[in-house]
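Shown here: entry-v5.cif, mmCIF, C-alpha atoms.
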```cif
data_my_file
loop_
_atom_site.label_atom_id
_atom_site.label_comp_id
_atom_site.auth_asym_id
_atom_site.auth_seq_id
_atom_site.Cartn_x
_atom_site.Cartn_y
_atom_site.Cartn_z
CA MET A 1 19.69 -0.65 28.14
CA SER A 2 21.39 2.50 26.87
CA ILE A 3 19.55 3.78 23.79
CA GLU A 4 21.07 6.18 21.27
CA ILE A 5 18.91 7.75 18.55
CA ALA A 6 20.93 8.53 15.43
CA ASP A 7 19.92 10.51 12.35
CA VAL A 8 20.30 8.74 9.02
CA ARG A 9 22.66 11.04 7.15
CA THR A 10 25.03 8.95 5.05
CA ARG A 11 24.72 6.10 2.58
CA THR A 12 26.15 3.77 5.21
CA ASP A 13 23.50 4.91 7.70
CA LEU A 14 20.77 4.29 5.12
CA LYS A 15 22.02 0.78 4.42
CA ARG A 16 21.86 -0.07 8.13
CA TRP A 17 18.36 1.46 8.33
CA VAL A 18 17.12 -0.57 5.33
CA LYS A 19 18.77 -3.80 6.48
CA PHE A 20 17.39 -3.78 10.04
CA PRO A 21 14.06 -5.57 9.29
CA PHE A 22 15.89 -8.39 7.49
CA SER A 23 17.62 -9.42 10.72
CA HIS A 24 14.73 -8.37 12.96
CA TYR A 25 12.28 -10.80 11.26
CA ARG A 26 14.80 -13.52 10.42
CA GLY A 27 13.13 -16.92 10.67
CA ASP A 28 9.56 -15.57 10.69
CA PRO A 29 7.76 -17.35 7.80
CA ARG A 30 5.09 -14.60 7.55
CA TYR A 31 7.50 -11.76 6.86
CA VAL A 32 7.74 -10.74 3.19
CA PRO A 33 11.02 -8.87 2.75
CA PRO A 34 11.25 -6.11 0.15
CA LEU A 35 13.95 -6.16 -2.47
CA TYR A 36 16.99 -4.61 -0.83
CA ARG A 37 18.18 -2.54 -3.80
CA GLU A 38 14.64 -1.31 -4.46
CA GLU A 39 14.38 -0.11 -0.86
CA LEU A 40 17.70 1.71 -1.08
CA GLY A 41 16.54 3.46 -4.23
CA TYR A 42 13.18 4.33 -2.71
CA PHE A 43 14.81 6.28 0.10
CA ASP A 44 17.25 8.05 -2.20
CA PRO A 45 16.19 11.72 -2.61
CA ARG A 46 17.80 11.74 -6.05
CA LYS A 47 15.47 8.96 -7.26
CA ASN A 48 12.19 9.31 -5.36
CA PRO A 49 10.31 12.53 -6.21
CA ALA A 50 8.43 12.33 -2.88
CA PHE A 51 11.46 13.98 -1.29
CA ALA A 52 10.75 17.10 -3.37
CA VAL A 53 7.42 17.64 -1.54
CA CYS A 54 8.20 16.04 1.84
CA GLU A 55 10.44 16.96 4.72
CA VAL A 56 11.92 13.66 5.86
CA ARG A 57 13.84 12.50 8.93
CA GLN A 58 14.97 8.91 9.40
CA PHE A 59 16.19 7.62 12.75
CA LEU A 60 18.00 4.52 13.96
CA ALA A 61 17.85 3.30 17.56
CA LEU A 62 21.20 1.89 18.63
CA ASN A 63 22.29 -0.13 21.66
CA ASP A 64 26.06 -0.32 21.98
CA GLY A 65 26.24 0.55 18.29
CA ARG A 66 23.86 -2.24 17.25
CA PRO A 67 20.55 -1.32 15.55
CA VAL A 68 17.51 -2.22 17.67
CA GLY A 69 14.85 -0.12 15.90
CA ARG A 70 14.12 2.40 13.17
CA ILE A 71 11.50 4.94 12.07
CA CYS A 72 10.82 7.52 9.35
CA GLY A 73 9.12 10.86 9.96
CA MET A 74 7.55 12.94 7.17
CA VAL A 75 5.74 16.23 6.65
CA ASN A 76 4.12 16.36 3.21
CA SER A 77 3.66 19.91 1.91
CA LEU A 78 0.84 18.83 -0.44
CA GLU A 79 -1.01 17.27 2.50
CA THR A 80 -0.55 20.50 4.46
CA ARG A 81 -2.09 22.44 1.58
CA LYS A 82 -5.02 20.00 1.37
CA LEU A 83 -5.77 19.93 5.12
CA GLY A 84 -5.02 23.55 5.94
CA HIS A 85 -2.70 22.50 8.78
CA LYS A 86 0.46 20.45 9.19
CA ARG A 87 0.04 16.77 9.89
CA GLY A 88 3.16 14.82 10.68
CA ARG A 89 3.44 11.24 9.47
CA PHE A 90 5.54 8.36 10.72
CA GLY A 91 6.18 5.09 8.96
CA TRP A 92 8.50 2.13 8.49
CA PHE A 93 8.52 1.72 12.26
CA GLU A 94 10.37 -1.31 13.61
CA SER A 95 11.49 -2.04 17.16
CA ILE A 96 12.59 -4.84 19.41
CA ASP A 97 10.13 -5.63 22.20
CA ASP A 98 11.30 -2.84 24.47
CA PRO A 99 9.16 0.24 25.34
CA ASP A 100 12.28 2.34 25.88
CA VAL A 101 13.37 1.78 22.28
CA ALA A 102 9.92 2.49 20.86
CA ASP A 103 9.47 5.58 23.05
CA ALA A 104 12.83 6.96 21.96
CA LEU A 105 12.02 6.48 18.26
CA LEU A 106 8.48 7.86 18.45
CA GLY A 107 9.69 10.69 20.67
CA ALA A 108 12.37 11.68 18.17
CA VAL A 109 9.79 11.97 15.38
CA SER A 110 7.07 13.67 17.44
CA ASP A 111 9.52 16.18 18.93
CA TRP A 112 10.76 17.11 15.44
CA GLN A 113 7.24 17.39 14.03
CA GLU A 114 6.10 19.50 16.97
CA GLN A 115 9.01 21.87 16.30
CA GLU A 116 7.85 22.00 12.67
CA GLY A 117 4.40 23.18 13.84
CA CYS A 118 2.48 19.96 13.24
CA ALA A 119 -0.90 19.75 14.97
CA GLU A 120 -0.87 15.94 15.03
CA MET A 121 1.17 12.86 14.18
CA THR A 122 -0.41 9.86 12.45
CA GLY A 123 0.90 6.56 11.22
CA PRO A 124 2.17 4.17 10.18
CA HIS A 125 1.99 5.80 6.74
CA GLY A 126 4.27 6.17 3.77
CA PHE A 127 4.92 9.28 1.73
CA THR A 128 1.55 8.71 -0.01
CA ASP A 129 -1.38 6.33 0.23
CA LEU A 130 0.28 4.14 -2.44
CA ASP A 131 2.93 3.14 0.12
CA VAL A 132 2.54 0.55 2.86
CA GLU A 133 0.39 1.90 5.69
CA GLY A 134 -1.19 0.67 8.87
CA LEU A 135 0.01 -1.51 11.74
CA LEU A 136 -1.19 -5.10 11.64
CA VAL A 137 -3.37 -5.73 14.72
CA ASP A 138 -5.27 -8.87 13.68
CA GLY A 139 -4.65 -11.66 11.17
CA PHE A 140 -1.03 -12.46 12.00
CA GLU A 141 -1.31 -16.06 10.83
CA SER A 142 -1.50 -15.23 7.11
CA ILE A 143 1.21 -13.99 4.76
CA PRO A 144 0.52 -10.40 3.65
CA THR A 145 0.58 -9.16 0.09
CA ALA A 146 3.67 -7.43 -1.24
CA ALA A 147 1.86 -4.11 -0.69
CA GLY A 148 0.51 -5.16 2.71
CA SER A 149 1.91 -4.78 6.19
CA TYR A 150 3.31 -7.23 8.69
CA ASN A 151 4.75 -6.75 12.16
CA PHE A 152 5.07 -8.63 15.41
CA PRO A 153 1.93 -8.67 17.60
CA TYR A 154 3.61 -6.67 20.38
CA TYR A 155 3.91 -3.55 18.18
CA ALA A 156 0.41 -2.29 19.03
CA GLY A 157 1.28 -2.26 22.73
CA LEU A 158 4.42 -0.23 22.05
CA LEU A 159 2.53 2.45 20.14
CA GLU A 160 -0.36 2.59 22.59
CA SER A 161 1.94 2.87 25.62
CA PHE A 162 3.44 5.98 23.98
CA GLY A 163 -0.03 7.55 23.89
CA LEU A 164 -1.06 6.84 20.30
CA VAL A 165 -4.73 5.97 19.81
CA LYS A 166 -6.71 4.45 16.95
CA ASP A 167 -7.52 6.83 14.13
CA VAL A 168 -8.82 4.42 11.45
CA ASP A 169 -8.72 0.70 10.68
CA TYR A 170 -8.25 -0.99 7.31
CA LEU A 171 -9.48 -4.47 6.39
CA ASP A 172 -7.98 -6.93 3.89
CA PHE A 173 -9.89 -9.95 2.60
CA ARG A 174 -8.85 -13.19 0.94
CA PHE A 175 -11.56 -15.06 -0.94
CA LYS A 176 -12.02 -17.71 -3.60
CA VAL A 177 -12.52 -16.60 -7.20
CA PRO A 178 -16.24 -17.18 -7.75
CA GLU A 179 -17.56 -19.06 -10.77
CA ARG A 180 -20.70 -16.92 -10.93
CA VAL A 181 -21.74 -13.83 -9.01
CA PRO A 182 -25.45 -13.14 -9.62
CA PHE A 183 -25.50 -9.73 -7.93
CA LEU A 184 -22.55 -8.53 -10.03
CA GLU A 185 -24.21 -9.85 -13.16
CA ARG A 186 -27.42 -7.98 -12.36
CA LEU A 187 -25.62 -4.69 -11.75
CA SER A 188 -23.33 -4.92 -14.76
CA ARG A 189 -26.21 -6.01 -17.04
CA ARG A 190 -27.67 -2.52 -16.67
CA ILE A 191 -24.49 -1.09 -18.18
CA ASP A 192 -24.37 -3.69 -20.96
CA HIS A 193 -27.93 -2.89 -22.04
CA SER A 194 -27.51 0.88 -21.89
CA GLY A 195 -24.43 1.03 -24.12
CA THR A 196 -23.21 4.01 -22.09
CA TYR A 197 -19.93 2.39 -21.03
CA GLN A 198 -17.49 -0.02 -22.62
CA VAL A 199 -14.83 -2.29 -21.14
CA ARG A 200 -11.55 -2.29 -23.03
CA ARG A 201 -8.42 -4.38 -22.79
CA ALA A 202 -4.94 -3.09 -23.47
CA GLY A 203 -3.82 -5.52 -26.12
CA ASP A 204 -0.24 -4.27 -26.36
CA ARG A 205 2.27 -2.40 -24.18
CA LYS A 206 1.86 0.87 -26.09
CA THR A 207 -1.90 0.92 -25.51
CA PHE A 208 -1.36 -0.15 -21.91
CA ALA A 209 1.01 2.76 -21.31
CA ALA A 210 -1.53 5.19 -22.80
CA TYR A 211 -4.30 3.82 -20.58
CA LEU A 212 -2.09 4.07 -17.49
CA LYS A 213 -1.45 7.74 -18.23
CA GLN A 214 -5.22 8.34 -18.42
CA MET A 215 -5.73 6.33 -15.22
CA TRP A 216 -4.06 8.82 -12.86
CA PRO A 217 -6.68 11.62 -13.05
CA VAL A 218 -9.38 9.02 -12.34
CA LEU A 219 -7.46 7.67 -9.34
CA GLU A 220 -6.77 11.17 -7.97
CA ALA A 221 -10.41 12.28 -8.30
CA ALA A 222 -11.84 9.04 -6.89
CA PHE A 223 -9.53 8.90 -3.87
CA GLU A 224 -9.27 12.61 -3.02
CA PRO A 225 -11.95 12.55 -0.26
CA LEU A 226 -10.58 9.42 1.45
CA TYR A 227 -8.60 9.33 4.66
CA GLY A 228 -4.84 9.79 4.33
CA VAL A 229 -4.86 10.48 0.60
CA VAL A 230 -2.44 13.17 -0.54
CA PRO A 231 -2.17 14.68 -4.03
CA LEU A 232 0.59 13.45 -6.31
CA THR A 233 2.90 15.45 -8.54
CA ARG A 234 3.34 14.48 -12.18
CA GLU A 235 6.81 13.25 -11.27
CA GLN A 236 5.36 10.96 -8.60
CA GLU A 237 2.78 9.59 -11.02
CA ALA A 238 5.54 8.72 -13.49
CA TYR A 239 7.62 7.20 -10.70
CA TYR A 240 4.81 4.99 -9.40
CA THR A 241 3.87 3.97 -12.94
CA LYS A 242 7.37 2.67 -13.47
CA LYS A 243 7.70 1.16 -9.99
CA TYR A 244 4.31 -0.54 -9.63
CA PHE A 245 2.40 -0.64 -12.91
CA GLY A 246 4.77 -0.48 -15.84
CA PHE A 247 5.99 -4.09 -15.65
CA LEU A 248 2.63 -5.71 -14.82
CA ASP A 249 0.46 -7.88 -17.04
CA PRO A 250 -2.21 -5.78 -18.83
CA GLU A 251 -4.54 -8.78 -18.65
CA PHE A 252 -5.09 -8.04 -14.95
CA PHE A 253 -6.30 -4.49 -15.61
CA VAL A 254 -9.86 -3.50 -16.51
CA PHE A 255 -10.40 -0.11 -18.15
CA ILE A 256 -13.91 1.30 -18.58
CA PHE A 257 -14.60 4.09 -21.07
CA SER A 258 -17.63 6.30 -21.56
CA LYS A 259 -19.38 6.65 -24.92
CA ASP A 260 -17.38 9.90 -25.29
CA ASN A 261 -14.16 7.84 -25.26
CA GLU A 262 -13.14 9.06 -21.80
CA LEU A 263 -11.58 6.68 -19.27
CA VAL A 264 -13.96 6.88 -16.30
CA ALA A 265 -13.15 3.80 -14.20
CA PHE A 266 -10.52 1.10 -13.80
CA LEU A 267 -9.56 -1.91 -11.71
CA ALA A 268 -5.94 -3.02 -11.31
CA ALA A 269 -4.65 -6.35 -10.05
CA MET A 270 -1.36 -8.23 -10.13
CA PRO A 271 -0.18 -11.77 -9.42
CA ASN A 272 0.58 -12.29 -5.75
CA ILE A 273 4.37 -12.49 -5.46
CA SER A 274 4.64 -12.72 -1.67
CA GLU A 275 5.91 -16.29 -1.68
CA GLY A 276 8.47 -15.45 -4.38
CA LEU A 277 9.71 -12.44 -2.42
CA ARG A 278 9.89 -14.49 0.76
CA LYS A 279 12.08 -17.07 -0.98
CA ALA A 280 14.16 -14.34 -2.65
CA ARG A 281 15.12 -12.97 0.80
CA GLY A 282 15.52 -9.46 -0.50
CA ARG A 283 17.68 -10.20 -3.53
CA LEU A 284 16.78 -11.08 -7.12
CA PHE A 285 20.09 -12.81 -7.80
CA PRO A 286 21.14 -15.54 -8.02
CA THR A 287 17.79 -17.34 -7.49
CA GLY A 288 15.28 -14.71 -6.34
CA LEU A 289 14.27 -13.73 -9.85
CA PHE A 290 13.27 -17.34 -10.59
CA HIS A 291 10.87 -17.44 -7.63
CA VAL A 292 9.29 -14.06 -8.41
CA ARG A 293 8.85 -14.88 -12.10
CA LYS A 294 7.20 -18.16 -11.20
CA ASN A 295 4.57 -16.27 -9.21
CA LEU A 296 4.08 -13.77 -12.03
CA ARG A 297 3.63 -16.38 -14.75
CA HIS A 298 1.57 -18.97 -12.88
CA PRO A 299 -0.33 -17.14 -10.15
CA GLU A 300 -2.60 -19.04 -7.80
CA THR A 301 -3.60 -15.74 -6.15
CA VAL A 302 -3.91 -12.16 -7.40
CA ASP A 303 -3.82 -8.96 -5.39
CA PHE A 304 -6.40 -6.29 -6.12
CA LEU A 305 -4.19 -3.21 -6.06
CA VAL A 306 -6.46 -0.26 -6.66
CA GLY A 307 -9.57 0.82 -8.53
CA GLY A 308 -11.84 3.79 -8.83
CA ALA A 309 -14.38 5.73 -10.84
CA LEU A 310 -14.69 9.40 -11.71
CA PRO A 311 -17.23 11.30 -9.59
CA GLY A 312 -20.46 11.79 -11.49
CA HIS A 313 -20.46 8.23 -12.79
CA PRO A 314 -22.19 5.21 -11.14
CA GLY A 315 -19.18 3.97 -9.18
CA ASN A 316 -20.82 0.89 -7.63
CA THR A 317 -22.25 -0.28 -10.95
CA LEU A 318 -18.98 0.32 -12.80
CA THR A 319 -17.13 -1.57 -10.07
CA ALA A 320 -19.53 -4.49 -10.58
CA LEU A 321 -18.90 -4.37 -14.32
CA GLY A 322 -15.13 -4.31 -13.78
CA LEU A 323 -15.22 -7.18 -11.29
CA ARG A 324 -17.32 -9.34 -13.57
CA HIS A 325 -14.79 -8.96 -16.38
CA MET A 326 -11.87 -9.39 -13.97
CA PHE A 327 -13.27 -12.66 -12.58
CA ASP A 328 -13.70 -13.99 -16.13
CA ARG A 329 -10.02 -13.33 -16.80
CA LEU A 330 -8.89 -14.86 -13.51
CA GLN A 331 -10.81 -18.05 -14.26
CA SER A 332 -9.24 -18.28 -17.71
CA ARG A 333 -5.78 -18.01 -16.10
CA GLY A 334 -6.50 -20.63 -13.44
CA VAL A 335 -6.33 -18.18 -10.54
CA HIS A 336 -8.01 -19.52 -7.39
CA PHE A 337 -7.85 -16.70 -4.81
CA VAL A 338 -8.07 -12.91 -4.57
CA GLU A 339 -6.37 -10.74 -1.95
CA THR A 340 -7.91 -7.29 -1.56
CA ASN A 341 -5.91 -4.21 -0.72
CA HIS A 342 -6.62 -2.03 2.34
CA GLU A 343 -10.28 -1.03 2.59
CA LEU A 344 -11.37 1.47 5.20
CA GLU A 345 -13.45 -0.25 7.86
CA SER A 346 -15.93 2.62 7.62
CA ASN A 347 -16.42 1.94 3.88
CA SER A 348 -19.27 -0.48 4.52
CA THR A 349 -20.28 -0.57 0.84
CA VAL A 350 -16.96 -2.10 -0.25
CA THR A 351 -16.27 -4.25 2.82
CA GLY A 352 -19.85 -5.53 2.69
CA MET A 353 -19.37 -6.50 -0.95
CA TRP A 354 -16.19 -8.51 -0.23
CA ARG A 355 -17.98 -10.34 2.60
CA ARG A 356 -20.51 -11.64 0.07
CA PHE A 357 -17.80 -13.85 -1.39
CA ASP A 358 -16.34 -17.05 0.08
CA VAL A 359 -13.96 -15.27 2.49
CA ALA A 360 -11.04 -17.42 3.64
CA ALA A 361 -9.11 -14.90 5.77
CA THR A 362 -9.21 -11.32 7.00
CA ARG A 363 -6.51 -8.97 8.25
CA ARG A 364 -6.93 -5.72 10.16
CA SER A 365 -4.41 -2.87 10.09
CA ARG A 366 -4.57 0.30 12.16
CA VAL A 367 -3.42 3.89 11.72
CA TYR A 368 -2.79 5.70 14.99
CA ARG A 369 -2.96 9.36 15.96
CA LEU A 370 -1.20 11.51 18.54
CA PRO A 371 -2.19 15.18 19.09
CA LEU A 372 0.76 17.58 19.13
CA VAL A 373 1.01 21.11 20.43
CA PRO A 374 1.52 23.32 17.34
#
```
What's the structure tokens form of this structure?
Amino acid sequence: MSIEIADVRTRTDLKRWVKFPFSHYRGDPRYVPPLYREELGYFDPRKNPAFAVCEVRQFLALNDGRPVGRICGMVNSLETRKLGHKRGRFGWFESIDDPDVADALLGAVSDWQEQEGCAEMTGPHGFTDLDVEGLLVDGFESIPTAAGSYNFPYYAGLLESFGLVKDVDYLDFRFKVPERVPFLERLSRRIDHSGTYQVRRAGDRKTFAAYLKQMWPVLEAAFEPLYGVVPLTREQEAYYTKKYFGFLDPEFFVFIFSKDNELVAFLAAMPNISEGLRKARGRLFPTGLFHVRKNLRHPETVDFLVGGALPGHPGNTLTALGLRHMFDRLQSRGVHFVETNHELESNSTVTGMWRRFDVAATRRSRVYRLPLVP
């Protein structure tokens, strides 16, 4: 097979790059396609503020002019400042089951990042930790969340044959919404009796928007020490608010304030829309919007998106308080299952907590690393 690696330079190139997974996974019932127009907009430097802080190269692998793979390479200047050295990222990797194709794509990114002075290449990542990250290595039988990852089982072999090795693993859990959780009740009762913290609901969209604005400093401070987390600009915060949070139901958010009226912790969830997106096949019209709205209005499952607490506050206890209130709301809405977002395997406190519930399924995703010569 003759492989050509082409830079994505034009709008036409980008459309081919975005469309490749739709044909690549055609017929696979576990693949959840993104919305095509949303993906085009996400990789438009005029719309996504990540391009202001990231150097980006996108490549297509072609065989006789036909796409057979794709990849995106990134160098985030804010990550460089945080780490003190350049770390190259790769993401949105897709390839047919051919080592020559995968090697050509990974080689194109690693060669470019080595020229840029990167000490290492890691991935799959997105521009930030709020993007899809990790290669699925276990749990292929279940449908991922809209924010989760899916790929064919042979992908791990392609990356490992190139020389990439495990850096970290993430775990996702699916469990039944519990009727009562005694250990959460015990932990949260301490907060209730102390009167130090208060759970609030955003009763209207204006209040919700104000709480979301206060949420970002909490998220940044809580996640700063974690693997792969990069700082966000104010423009990125506004962009992600509009993209991910602005249209969601405030009922699935828990906000916890201190007695000084400061937002110190939160927990965010959303209805699982994977089945709606799968039926939409990448397009909201003419029928896709119906399927997605059905999931939003009558969810059987919710996805826990993100949560955190400001350092200096009892994070585990506040998490217990938030979960107790969240489970009460899920029961009132008739929700039966919870899907967690990526949790670092090394975070035994959180993964151990999820395992205390009635776990129905688990997925494992992996981020790989390749040393580069700076």
What lies within 8 Å of Lys259 in chain A using all atoms listed in the file, ignoring chain neighbours under 6 positions off, as a PyMOL selection string? chain A and resi 195-198
Figure out the distance between CA of Arg366 in chain A and CA of Asp169 in chain A, please, to one decimal in Å. 4.4 Å
For the point (-10.6, -3.9, -25.5) in file coordinates, what residues are within 10 Å, counting only C-alpha atoms? Give the answer as a PyMOL selection string? chain A and resi 198-203+207+254-257
Export C-alpha atoms of the chosen residues as a PDB file, keeping the file's coordinate frame?
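Once everything was written out, this is part_14.pdb:
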```
ATOM      1  CA  GLN A 198     -17.490  -0.020 -22.620  1.00  0.00           C
ATOM      2  CA  VAL A 199     -14.830  -2.290 -21.140  1.00  0.00           C
ATOM      3  CA  ARG A 200     -11.550  -2.290 -23.030  1.00  0.00           C
ATOM      4  CA  ARG A 201      -8.420  -4.380 -22.790  1.00  0.00           C
ATOM      5  CA  ALA A 202      -4.940  -3.090 -23.470  1.00  0.00           C
ATOM      6  CA  GLY A 203      -3.820  -5.520 -26.120  1.00  0.00           C
ATOM      7  CA  THR A 207      -1.900   0.920 -25.510  1.00  0.00           C
ATOM      8  CA  VAL A 254      -9.860  -3.500 -16.510  1.00  0.00           C
ATOM      9  CA  PHE A 255     -10.400  -0.110 -18.150  1.00  0.00           C
ATOM     10  CA  ILE A 256     -13.910   1.300 -18.580  1.00  0.00           C
ATOM     11  CA  PHE A 257     -14.600   4.090 -21.070  1.00  0.00           C
TER      12      PHE A 257
END
```
Mind pulling up the distance from CA of Gly91 in chain A to CA of Glu339 in chain A? 23.0 Å
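Taking CA of Arg283 in chain A and CA of Tyr150 in chain A as endpoints, the distance between them is 19.1 Å.
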May I have a table of the residues of range 58-140 of chain A lying at most 10 Å from range 217-230 of chain A, giving each one's closest pair of atoms and their distance in Å to one decimal, counting only C-alpha atoms, ordered by chain and ascending residue number, as CSV?
```
residue,atom,partner,partner_atom,distance
A:Asn76,CA,A:Val230,CA,8.2
A:Ser77,CA,A:Val230,CA,9.4
A:Leu78,CA,A:Val230,CA,6.5
A:Glu79,CA,A:Val230,CA,5.3
A:Thr80,CA,A:Val230,CA,9.1
A:Arg81,CA,A:Val230,CA,9.5
A:Lys82,CA,A:Val230,CA,7.5
A:Leu83,CA,A:Val230,CA,9.4
A:Arg89,CA,A:Gly228,CA,9.9
A:Thr122,CA,A:Gly228,CA,9.3
A:Gly123,CA,A:Gly228,CA,9.5
A:His125,CA,A:Gly228,CA,8.3
A:Gly126,CA,A:Gly228,CA,9.8
A:Phe127,CA,A:Val230,CA,8.6
A:Thr128,CA,A:Val230,CA,6.0
A:Asp129,CA,A:Val229,CA,5.4
A:Leu130,CA,A:Val229,CA,8.7
A:Glu133,CA,A:Gly228,CA,9.6
```
Given the block above, output range 15-31 of chain A with N, CA and C atoms as a short mmCIF file (atom, residue, chain, number, x, y, z; two decimals), in the first residue's frame.
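As written to disk, part.cif reads:
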```cif
data_model
loop_
_atom_site.label_atom_id
_atom_site.label_comp_id
_atom_site.auth_asym_id
_atom_site.auth_seq_id
_atom_site.Cartn_x
_atom_site.Cartn_y
_atom_site.Cartn_z
N LYS A 15 -12.96 19.06 6.00
CA LYS A 15 -14.19 18.28 5.88
C LYS A 15 -13.87 16.80 5.71
N ARG A 16 -12.87 16.48 4.90
CA ARG A 16 -12.47 15.08 4.72
C ARG A 16 -11.93 14.52 6.04
N TRP A 17 -11.18 15.32 6.76
CA TRP A 17 -10.59 14.90 8.04
C TRP A 17 -11.70 14.60 9.06
N VAL A 18 -12.69 15.49 9.14
CA VAL A 18 -13.79 15.32 10.09
C VAL A 18 -14.69 14.15 9.69
N LYS A 19 -14.89 13.95 8.41
CA LYS A 19 -15.81 12.91 7.93
C LYS A 19 -15.24 11.50 8.04
N PHE A 20 -13.92 11.35 8.11
CA PHE A 20 -13.34 10.01 8.04
C PHE A 20 -13.92 9.03 9.05
N PRO A 21 -14.06 9.38 10.35
CA PRO A 21 -14.59 8.39 11.30
C PRO A 21 -16.01 7.92 10.97
N PHE A 22 -16.80 8.76 10.31
CA PHE A 22 -18.18 8.37 10.00
C PHE A 22 -18.20 7.15 9.07
N SER A 23 -17.31 7.12 8.10
CA SER A 23 -17.23 5.95 7.22
C SER A 23 -16.43 4.83 7.86
N HIS A 24 -15.42 5.19 8.63
CA HIS A 24 -14.53 4.21 9.26
C HIS A 24 -15.30 3.30 10.22
N TYR A 25 -16.26 3.87 10.97
CA TYR A 25 -17.03 3.10 11.96
C TYR A 25 -18.43 2.72 11.48
N ARG A 26 -18.70 2.93 10.21
CA ARG A 26 -20.05 2.67 9.71
C ARG A 26 -20.47 1.23 10.02
N GLY A 27 -21.66 1.12 10.63
CA GLY A 27 -22.19 -0.19 10.97
C GLY A 27 -21.82 -0.68 12.35
N ASP A 28 -20.93 0.02 13.05
CA ASP A 28 -20.55 -0.39 14.40
C ASP A 28 -21.55 0.22 15.39
N PRO A 29 -22.34 -0.58 16.08
CA PRO A 29 -23.40 -0.05 16.95
C PRO A 29 -22.87 0.65 18.20
N ARG A 30 -21.57 0.50 18.50
CA ARG A 30 -21.01 1.11 19.72
C ARG A 30 -20.40 2.48 19.45
N TYR A 31 -20.29 2.86 18.20
CA TYR A 31 -19.70 4.16 17.88
C TYR A 31 -20.75 5.25 18.03
#
```
